[in-house]
file model-v3.cif (mmCIF, C-alpha atoms and all ligand atoms)
data_final
loop_
_atom_site.label_atom_id
_atom_site.label_comp_id
_atom_site.auth_asym_id
_atom_site.auth_seq_id
_atom_site.Cartn_x
_atom_site.Cartn_y
_atom_site.Cartn_z
CA MET A 92 7.88 13.55 -15.14
CA SER A 93 4.22 14.43 -15.78
CA GLU A 94 1.75 15.92 -13.29
CA ARG A 95 0.72 12.48 -12.07
CA ARG A 96 3.30 12.02 -9.38
CA LEU A 97 1.11 10.27 -6.83
CA THR A 98 0.99 6.48 -7.04
CA VAL A 99 -1.07 4.24 -4.79
CA LEU A 100 -0.10 0.60 -4.28
CA SER A 101 -2.78 -1.70 -2.87
CA GLY A 102 -3.47 -5.40 -2.75
CA PRO A 103 -4.36 -8.17 -0.32
CA SER A 104 -2.43 -8.62 2.89
CA GLY A 105 0.65 -10.76 2.29
CA VAL A 106 0.88 -10.18 -1.47
CA GLY A 107 4.23 -8.43 -1.04
CA LYS A 108 3.49 -4.69 -1.06
CA SER A 109 6.04 -3.81 1.64
CA THR A 110 8.65 -6.05 0.03
CA VAL A 111 8.16 -4.36 -3.34
CA VAL A 112 8.21 -0.88 -1.79
CA ALA A 113 11.40 -1.62 0.17
CA GLU A 114 13.13 -2.79 -3.01
CA LEU A 115 11.82 0.17 -4.98
CA ARG A 116 13.17 2.63 -2.41
CA ARG A 117 16.51 0.82 -2.25
CA ALA A 118 16.91 1.00 -6.02
CA HIS A 119 15.28 4.43 -6.48
CA PRO A 120 15.84 6.60 -3.39
CA ALA A 121 14.25 9.58 -5.17
CA VAL A 122 10.83 7.99 -4.67
CA TRP A 123 9.23 9.14 -1.42
CA LEU A 124 7.07 6.74 0.58
CA SER A 125 4.45 8.19 2.91
CA VAL A 126 4.77 6.93 6.49
CA SER A 127 1.31 6.02 7.78
CA VAL A 128 -0.17 6.38 11.23
CA THR A 129 -1.57 3.22 12.79
CA THR A 130 -3.15 1.94 15.97
CA ARG A 131 -1.59 -1.50 15.30
CA ARG A 132 1.14 -2.64 17.67
CA PRO A 133 4.66 -2.67 16.22
CA ARG A 134 5.97 -6.00 14.94
CA PRO A 135 9.46 -7.00 16.04
CA GLY A 136 11.92 -4.81 14.14
CA GLU A 137 9.40 -2.12 13.21
CA VAL A 138 10.59 1.37 14.13
CA ASN A 139 8.33 4.30 15.04
CA GLY A 140 8.56 7.00 12.39
CA VAL A 141 10.17 4.64 9.89
CA HIS A 142 7.67 1.84 9.26
CA TYR A 143 4.70 3.62 10.85
CA TYR A 144 3.86 6.24 13.41
CA PHE A 145 2.41 4.03 16.14
CA VAL A 146 -0.34 5.85 18.03
CA ASP A 147 -3.17 4.97 20.42
CA GLY A 148 -6.85 5.22 19.52
CA GLU A 149 -7.21 8.60 21.19
CA GLU A 150 -4.46 10.17 19.11
CA PHE A 151 -5.88 8.57 15.95
CA ASP A 152 -9.29 10.11 16.75
CA ARG A 153 -7.63 13.48 17.21
CA LEU A 154 -5.90 13.26 13.81
CA VAL A 155 -9.20 12.35 12.12
CA THR A 156 -11.12 15.16 13.82
CA ALA A 157 -8.41 17.70 13.03
CA GLY A 158 -8.57 16.72 9.34
CA GLU A 159 -4.90 15.78 9.40
CA LEU A 160 -5.34 12.55 7.44
CA LEU A 161 -5.60 12.43 3.65
CA GLU A 162 -7.42 9.11 3.99
CA TRP A 163 -7.90 6.52 6.67
CA ALA A 164 -9.48 3.10 7.10
CA GLU A 165 -9.99 0.27 9.54
CA PHE A 166 -8.28 -2.93 8.47
CA ALA A 167 -8.49 -6.25 10.32
CA GLY A 168 -9.15 -4.61 13.68
CA ASN A 169 -6.73 -1.69 13.50
CA ARG A 170 -6.86 1.80 12.01
CA TYR A 171 -4.43 3.20 9.46
CA GLY A 172 -4.15 6.64 7.89
CA THR A 173 -1.99 8.81 5.65
CA PRO A 174 -0.80 12.13 7.14
CA ARG A 175 -2.01 14.79 4.69
CA GLU A 176 0.59 17.58 4.94
CA PRO A 177 3.75 15.66 4.04
CA VAL A 178 2.08 14.17 0.95
CA LEU A 179 0.88 17.55 -0.28
CA LYS A 180 4.31 19.07 0.33
CA LYS A 181 6.16 16.33 -1.57
CA LEU A 182 3.73 16.60 -4.48
CA ALA A 183 4.12 20.40 -4.53
CA ASP A 184 7.90 19.89 -4.64
CA GLY A 185 7.49 17.55 -7.63
CA VAL A 186 8.69 14.45 -5.79
CA PRO A 187 7.34 11.06 -7.03
CA THR A 188 5.25 9.93 -4.09
CA LEU A 189 4.00 6.48 -3.16
CA LEU A 190 1.22 5.41 -0.79
CA GLU A 191 1.00 1.78 0.31
CA ILE A 192 -2.57 1.54 1.57
CA ASP A 193 -5.62 -0.73 1.64
CA LEU A 194 -8.62 -0.79 -0.71
CA GLU A 195 -10.76 1.63 1.34
CA GLY A 196 -7.92 4.13 1.42
CA ALA A 197 -7.32 3.75 -2.32
CA ARG A 198 -11.00 4.48 -2.96
CA GLN A 199 -10.77 7.65 -0.86
CA VAL A 200 -7.68 8.82 -2.77
CA ARG A 201 -9.47 8.08 -6.06
CA ARG A 202 -12.23 10.47 -4.95
CA SER A 203 -10.04 13.25 -3.55
CA MET A 204 -7.14 13.04 -6.03
CA PRO A 205 -8.46 11.52 -9.26
CA GLU A 206 -5.16 12.15 -11.06
CA ALA A 207 -3.39 9.57 -8.86
CA LEU A 208 -2.34 6.28 -10.43
CA LEU A 209 -3.90 3.31 -8.63
CA VAL A 210 -1.95 0.07 -8.94
CA PHE A 211 -3.28 -3.26 -7.69
CA LEU A 212 -0.68 -5.83 -6.64
CA ALA A 213 -2.04 -9.36 -7.14
CA PRO A 214 -0.64 -12.72 -6.05
CA PRO A 215 0.17 -15.34 -8.72
CA THR A 216 -2.48 -17.58 -7.06
CA TRP A 217 -4.66 -17.50 -3.94
CA GLU A 218 -2.69 -20.45 -2.52
CA GLU A 219 0.54 -18.50 -2.91
CA LEU A 220 -1.01 -15.53 -1.07
CA GLU A 221 -1.93 -17.76 1.89
CA LYS A 222 1.55 -19.27 1.86
CA ARG A 223 3.20 -15.83 1.93
CA LEU A 224 0.98 -14.49 4.70
CA ARG A 225 1.51 -17.56 6.89
CA GLY A 226 5.19 -17.78 5.94
CA ARG A 227 5.80 -14.22 7.15
CA GLY A 228 5.04 -15.47 10.63
CA THR A 229 3.95 -12.11 12.04
CA GLU A 230 0.30 -12.79 12.91
CA PRO A 231 -1.58 -15.46 14.84
CA GLU A 232 -4.02 -17.67 12.94
CA ASP A 233 -7.15 -15.65 13.88
CA VAL A 234 -5.59 -12.47 12.51
CA ILE A 235 -4.46 -14.31 9.37
CA ALA A 236 -8.06 -15.45 8.87
CA ARG A 237 -9.33 -11.84 9.14
CA ARG A 238 -6.68 -10.66 6.70
CA LEU A 239 -7.56 -13.41 4.21
CA GLU A 240 -11.25 -12.51 4.51
CA ALA A 241 -10.35 -8.89 3.71
CA GLY A 242 -8.14 -10.23 0.90
CA ARG A 243 -11.15 -11.85 -0.81
CA VAL A 244 -12.88 -8.44 -0.85
CA GLU A 245 -9.73 -6.72 -2.14
CA MET A 246 -9.29 -9.30 -4.92
CA ALA A 247 -12.87 -8.71 -6.05
CA ALA A 248 -12.13 -4.98 -6.44
CA GLU A 249 -9.19 -5.38 -8.83
CA GLN A 250 -11.16 -3.78 -11.69
CA GLU A 251 -11.33 -0.47 -9.79
CA PHE A 252 -7.59 0.04 -10.27
CA ASP A 253 -5.78 1.55 -13.26
CA LEU A 254 -3.74 -1.58 -13.65
CA THR A 255 -2.69 -4.80 -11.98
CA LEU A 256 0.83 -6.07 -11.49
CA VAL A 257 1.15 -9.73 -10.56
CA ASN A 258 3.84 -10.15 -7.91
CA THR A 259 5.66 -13.20 -9.21
CA SER A 260 9.02 -11.44 -9.22
CA VAL A 261 9.74 -8.48 -6.92
CA GLN A 262 12.39 -7.20 -9.37
CA ASP A 263 9.98 -7.26 -12.32
CA VAL A 264 7.24 -5.48 -10.37
CA CYS A 265 9.72 -2.80 -9.22
CA ARG A 266 10.98 -2.24 -12.75
CA ARG A 267 7.43 -1.77 -14.02
CA LEU A 268 6.39 0.43 -11.12
CA ILE A 269 9.30 2.81 -11.49
CA ALA A 270 8.63 3.05 -15.23
CA LEU A 271 4.98 3.90 -14.49
CA MET A 272 5.96 6.50 -11.90
CA THR A 273 8.37 8.20 -14.26
CA ASP A 274 6.35 7.79 -17.48
CA PRO A 275 2.68 7.52 -16.51
CA GLN A 276 1.55 8.46 -20.03
CA GLY A 277 1.89 4.80 -20.88
CA VAL A 278 -1.04 3.84 -18.65
CA THR A 279 -4.47 3.60 -20.21
CA THR A 280 -7.68 3.88 -18.22
CA THR A 281 -8.53 0.27 -19.05
CA THR A 282 -7.46 -2.18 -16.37
CA ASN A 283 -4.50 -4.24 -17.53
CA ARG A 284 -2.95 -7.28 -15.93
CA GLU A 285 0.79 -7.47 -16.31
CA VAL A 286 4.11 -9.01 -15.17
N1 LIG A 301 7.54 -12.14 -5.28
C1 LIG A 301 7.58 -12.81 -4.11
N2 LIG A 301 7.85 -14.13 -4.12
C2 LIG A 301 7.88 -14.83 -2.94
N3 LIG A 301 7.68 -14.29 -1.71
C3 LIG A 301 7.39 -12.97 -1.66
C4 LIG A 301 7.34 -12.17 -2.85
N4 LIG A 301 7.04 -10.91 -2.48
C5 LIG A 301 6.94 -10.91 -1.13
N5 LIG A 301 7.14 -12.16 -0.63
C6 LIG A 301 7.08 -12.58 0.76
O1 LIG A 301 5.70 -12.56 1.15
C7 LIG A 301 5.56 -12.20 2.53
C8 LIG A 301 4.57 -11.04 2.65
O2 LIG A 301 5.17 -9.89 2.06
P1 LIG A 301 4.86 -8.42 2.59
O3 LIG A 301 4.98 -8.36 4.06
O4 LIG A 301 5.71 -7.50 1.79
O5 LIG A 301 3.31 -8.29 2.17
P2 LIG A 301 2.32 -7.05 2.28
O6 LIG A 301 1.50 -7.05 1.06
O7 LIG A 301 3.09 -5.82 2.59
O8 LIG A 301 1.43 -7.50 3.51
P3 LIG A 301 0.53 -6.61 4.52
O9 LIG A 301 -0.50 -5.92 3.71
O10 LIG A 301 0.00 -7.64 5.46
O11 LIG A 301 1.45 -5.64 5.23
C9 LIG A 301 6.95 -11.85 3.04
O12 LIG A 301 7.45 -12.94 3.79
C10 LIG A 301 7.77 -11.62 1.75
O13 LIG A 301 9.12 -11.96 1.94
N1 LIG A 302 -6.03 2.98 4.27
C1 LIG A 302 -4.78 2.80 4.70
N2 LIG A 302 -4.26 1.56 4.72
C2 LIG A 302 -2.98 1.43 5.13
C3 LIG A 302 -2.20 2.52 5.52
N3 LIG A 302 -0.98 2.06 5.89
C4 LIG A 302 -1.00 0.74 5.70
N4 LIG A 302 -2.20 0.35 5.23
C5 LIG A 302 -2.65 -0.99 4.87
O1 LIG A 302 -3.06 -1.70 6.02
C6 LIG A 302 -2.96 -3.10 5.74
C7 LIG A 302 -2.30 -3.82 6.90
O2 LIG A 302 -0.97 -3.33 7.06
P1 LIG A 302 0.02 -4.08 8.10
O3 LIG A 302 1.27 -3.23 8.13
O4 LIG A 302 -0.68 -4.14 9.42
O5 LIG A 302 0.27 -5.45 7.54
C8 LIG A 302 -2.16 -3.23 4.44
O6 LIG A 302 -3.10 -3.47 3.38
C9 LIG A 302 -1.56 -1.87 4.28
O7 LIG A 302 -1.33 -1.52 2.93
C10 LIG A 302 -2.80 3.81 5.48
O8 LIG A 302 -2.18 4.84 5.80
N5 LIG A 302 -4.07 3.90 5.07
#

call {"tool": "encode", "arguments": {"input": "model-v3.cif", "output": "structure tokens", "more": "lines below"}}
Ligand SMILES: Nc1ncnc2c1ncn2[C@@H]1O[C@H](COP(=O)(O)OP(=O)(O)OP(=O)(O)O)[C@@H](O)[C@H]1O
Ligand SMILES: Nc1nc2c(ncn2[C@@H]2O[C@H](COP(=O)(O)O)[C@@H](O)[C@H]2O)c(=O)[nH]1
result
Amino acid sequence: MSERRLTVLSGPSGVGKSTVVAELRRAHPAVWLSVSVTTRRPRPGEVNGVHYYFVDGEEFDRLVTAGELLEWAEFAGNRYGTPREPVLKKLADGVPTLLEIDLEGARQVRRSMPEALLVFLAPPTWEELEKRLRGRGTEPEDVIARRLEAGRVEMAAEQEFDLTLVNTSVQDVCRRLIALMTDPQGVTTTTNREV
């Protein structure tokens, strides 16, 4: 494993980031996924401390002011952030570490930790993205519209990432991601589209 142990996975809402990460962690438990803090309400089945740390706005403000977040951003009406300490500890221990965060967060990590590998997860088509987001059935139509609007912005920023993986097959994306996390020398600085 080289020094680049921090990998960031971003992409438009509904592209399949959480699905890919869940499969990656099932198949490769040695990979550590940062648990974010959010002001969003839990969806049915989401567990505090597992999927997110669910906090109110006041607590989120406190974390920001105390400098406890490595990065944070507002996304579609809620705030999300990565607790700094656990990430730094895992990296110091040499553990391959994954952040699943939005574009703004990825940009902040690019600035503060330029050695991180930034991976953009893209949908096979825009129509498929809409289908997945609606098919998940977790948000009302007005929230879906906000997420799709943000998705247009995220899609336009693909070139800022080290490479793009197209999420046609979750298994294929996972295979490629784990290879990148364990042999990052294979990544060039030119943006590539793969899978
Ligand atoms: N390769 C795939 N083919 C078909 N459906 C998929 C694929 N990957 C994920 N999905 C489905 O797409 C939907 C959205 O996936 P997921 O919740 O993982 O997206 P996400 O990128 O994490 O979204 P968000 O950013 O809103 O949290 C889910 O219903 C999931 O089962
Ligand atoms: N900048 C950050 N973005 C984050 C973080 N945790 C999650 N996210 C991103 O937010 C959106 C919406 O997530 P959802 O769970 O409400 O669907 C998605 O793009 C996530 O990747 C974070 O810590 N920082």

call {"tool": "residues_near_ligand", "arguments": {"input": "model-v3.cif", "ligand": "ligand LIG 302 (chain A)", "cutoff": "9 Å", "atoms": "only C-alpha atoms and all ligand atoms", "output": "number ranges by chain"}}
result
A: 100-105, 108-109, 125-129, 131-134, 142-143, 160-167, 169-174, 190-199, 229, 238, 242

call {"tool": "residues_near_point", "arguments": {"input": "model-v3.cif", "point": "(11.2, 7.9, -3.6)", "cutoff": "10 Å", "atoms": "only C-alpha atoms", "output": "list in words"}}
result
Val112, Leu115, Arg116, Arg117, Ala118, His119, Pro120, Ala121, Val122, Trp123, Leu124, Ser125, Val186, Pro187, Thr188, Leu189, Ile269 and Met272 of chain A

call {"tool": "atom_distance", "arguments": {"input": "model-v3.cif", "atom1": "CA of Asn258 in chain A", "atom2": "CA of Ala241 in chain A"}}
result
18.4 Å

call {"tool": "closest_residue", "arguments": {"input": "model-v3.cif", "among": "A:Leu182, A:Met246, A:Leu97, A:Leu239", "to": "Leu271 in chain A", "atoms": "all atoms listed in the file"}}
result
A:Leu97

call {"tool": "closest_residue", "arguments": {"input": "model-v3.cif", "among": "A:Glu176, A:Glu285, A:Glu230, A:Asp274", "to": "ligand LIG 301 (chain A)", "atoms": "all atoms listed in the file"}}
result
A:Glu230

call {"tool": "atom_distance", "arguments": {"input": "model-v3.cif", "atom1": "CA of Gly140 in chain A", "atom2": "CA of Val210 in chain A"}}
result
24.8 Å

call {"tool": "residues_around", "arguments": {"input": "model-v3.cif", "residues": "Leu224 in chain A", "least_positions_apart": "3", "cutoff": "8 Å", "atoms": "all atoms listed in the file", "output": "PyMOL selection string"}}
result
chain A and resi 104-106+220-221+227-228+235

call {"tool": "atom_distance", "arguments": {"input": "model-v3.cif", "atom1": "CA of Gln262 in chain A", "atom2": "atom C8 of ligand LIG 301 (chain A)"}}
result
14.8 Å

call {"tool": "closest_residue", "arguments": {"input": "model-v3.cif", "among": "A:Ala236, A:Val155, A:Ala183, A:Leu208", "to": "ligand LIG 301 (chain A)", "atoms": "all atoms listed in the file"}}
result
A:Ala236

call {"tool": "axis_aligned_box", "arguments": {"input": "model-v3.cif", "around": "ligand LIG 301 (chain A)", "padding_each_side": "4 Å", "output": "JSON"}}
result
{"center_x": 4.3, "center_y": -10.2, "center_z": 0.1, "size_x": 17.6, "size_y": 17.2, "size_z": 18.7}

call {"tool": "decode", "arguments": {"input": "model-v3.cif", "residues": "range 107-125 of chain A", "atoms": "N, CA and C atoms", "output": "PDB file, in the first residue's frame"}}
result
ATOM      1  N   GLY A 107     -25.492   5.835  -6.881  1.00  0.00           N
ATOM      2  CA  GLY A 107     -25.200   4.521  -6.307  1.00  0.00           C
ATOM      3  C   GLY A 107     -23.978   4.509  -5.391  1.00  0.00           C
ATOM      4  N   LYS A 108     -23.578   5.654  -4.876  1.00  0.00           N
ATOM      5  CA  LYS A 108     -22.385   5.713  -4.020  1.00  0.00           C
ATOM      6  C   LYS A 108     -22.532   4.808  -2.786  1.00  0.00           C
ATOM      7  N   SER A 109     -23.652   4.950  -2.074  1.00  0.00           N
ATOM      8  CA  SER A 109     -23.833   4.153  -0.847  1.00  0.00           C
ATOM      9  C   SER A 109     -23.906   2.668  -1.161  1.00  0.00           C
ATOM     10  N   THR A 110     -24.518   2.344  -2.285  1.00  0.00           N
ATOM     11  CA  THR A 110     -24.634   0.934  -2.688  1.00  0.00           C
ATOM     12  C   THR A 110     -23.246   0.357  -2.955  1.00  0.00           C
ATOM     13  N   VAL A 111     -22.429   1.121  -3.664  1.00  0.00           N
ATOM     14  CA  VAL A 111     -21.065   0.681  -3.981  1.00  0.00           C
ATOM     15  C   VAL A 111     -20.251   0.544  -2.693  1.00  0.00           C
ATOM     16  N   VAL A 112     -20.368   1.532  -1.808  1.00  0.00           N
ATOM     17  CA  VAL A 112     -19.589   1.518  -0.569  1.00  0.00           C
ATOM     18  C   VAL A 112     -20.007   0.330   0.314  1.00  0.00           C
ATOM     19  N   ALA A 113     -21.301   0.068   0.380  1.00  0.00           N
ATOM     20  CA  ALA A 113     -21.777  -1.063   1.197  1.00  0.00           C
ATOM     21  C   ALA A 113     -21.198  -2.374   0.660  1.00  0.00           C
ATOM     22  N   GLU A 114     -21.181  -2.529  -0.651  1.00  0.00           N
ATOM     23  CA  GLU A 114     -20.640  -3.747  -1.248  1.00  0.00           C
ATOM     24  C   GLU A 114     -19.129  -3.839  -1.030  1.00  0.00           C
ATOM     25  N   LEU A 115     -18.469  -2.699  -1.164  1.00  0.00           N
ATOM     26  CA  LEU A 115     -17.015  -2.666  -0.967  1.00  0.00           C
ATOM     27  C   LEU A 115     -16.661  -3.096   0.456  1.00  0.00           C
ATOM     28  N   ARG A 116     -17.409  -2.590   1.426  1.00  0.00           N
ATOM     29  CA  ARG A 116     -17.111  -2.909   2.824  1.00  0.00           C
ATOM     30  C   ARG A 116     -17.471  -4.359   3.156  1.00  0.00           C
ATOM     31  N   ARG A 117     -18.509  -4.865   2.485  1.00  0.00           N
ATOM     32  CA  ARG A 117     -18.866  -6.278   2.691  1.00  0.00           C
ATOM     33  C   ARG A 117     -17.731  -7.175   2.185  1.00  0.00           C
ATOM     34  N   ALA A 118     -17.229  -6.843   0.992  1.00  0.00           N
ATOM     35  CA  ALA A 118     -16.213  -7.692   0.366  1.00  0.00           C
ATOM     36  C   ALA A 118     -14.811  -7.420   0.915  1.00  0.00           C
ATOM     37  N   HIS A 119     -14.585  -6.202   1.417  1.00  0.00           N
ATOM     38  CA  HIS A 119     -13.238  -5.820   1.893  1.00  0.00           C
ATOM     39  C   HIS A 119     -13.366  -5.089   3.227  1.00  0.00           C
ATOM     40  N   PRO A 120     -13.588  -5.842   4.317  1.00  0.00           N
ATOM     41  CA  PRO A 120     -13.816  -5.200   5.616  1.00  0.00           C
ATOM     42  C   PRO A 120     -12.624  -4.383   6.106  1.00  0.00           C
ATOM     43  N   ALA A 121     -11.455  -4.563   5.507  1.00  0.00           N
ATOM     44  CA  ALA A 121     -10.281  -3.796   5.952  1.00  0.00           C
ATOM     45  C   ALA A 121     -10.391  -2.322   5.569  1.00  0.00           C
ATOM     46  N   VAL A 122     -11.253  -2.025   4.596  1.00  0.00           N
ATOM     47  CA  VAL A 122     -11.445  -0.616   4.219  1.00  0.00           C
ATOM     48  C   VAL A 122     -12.312   0.053   5.275  1.00  0.00           C
ATOM     49  N   TRP A 123     -11.889   1.234   5.725  1.00  0.00           N
ATOM     50  CA  TRP A 123     -12.656   1.972   6.738  1.00  0.00           C
ATOM     51  C   TRP A 123     -13.408   3.126   6.091  1.00  0.00           C
ATOM     52  N   LEU A 124     -14.706   3.190   6.372  1.00  0.00           N
ATOM     53  CA  LEU A 124     -15.547   4.267   5.838  1.00  0.00           C
ATOM     54  C   LEU A 124     -15.816   5.277   6.946  1.00  0.00           C
ATOM     55  N   SER A 125     -15.515   6.539   6.671  1.00  0.00           N
ATOM     56  CA  SER A 125     -15.811   7.599   7.635  1.00  0.00           C
ATOM     57  C   SER A 125     -17.328   7.728   7.804  1.00  0.00           C
TER      58      SER A 125
END
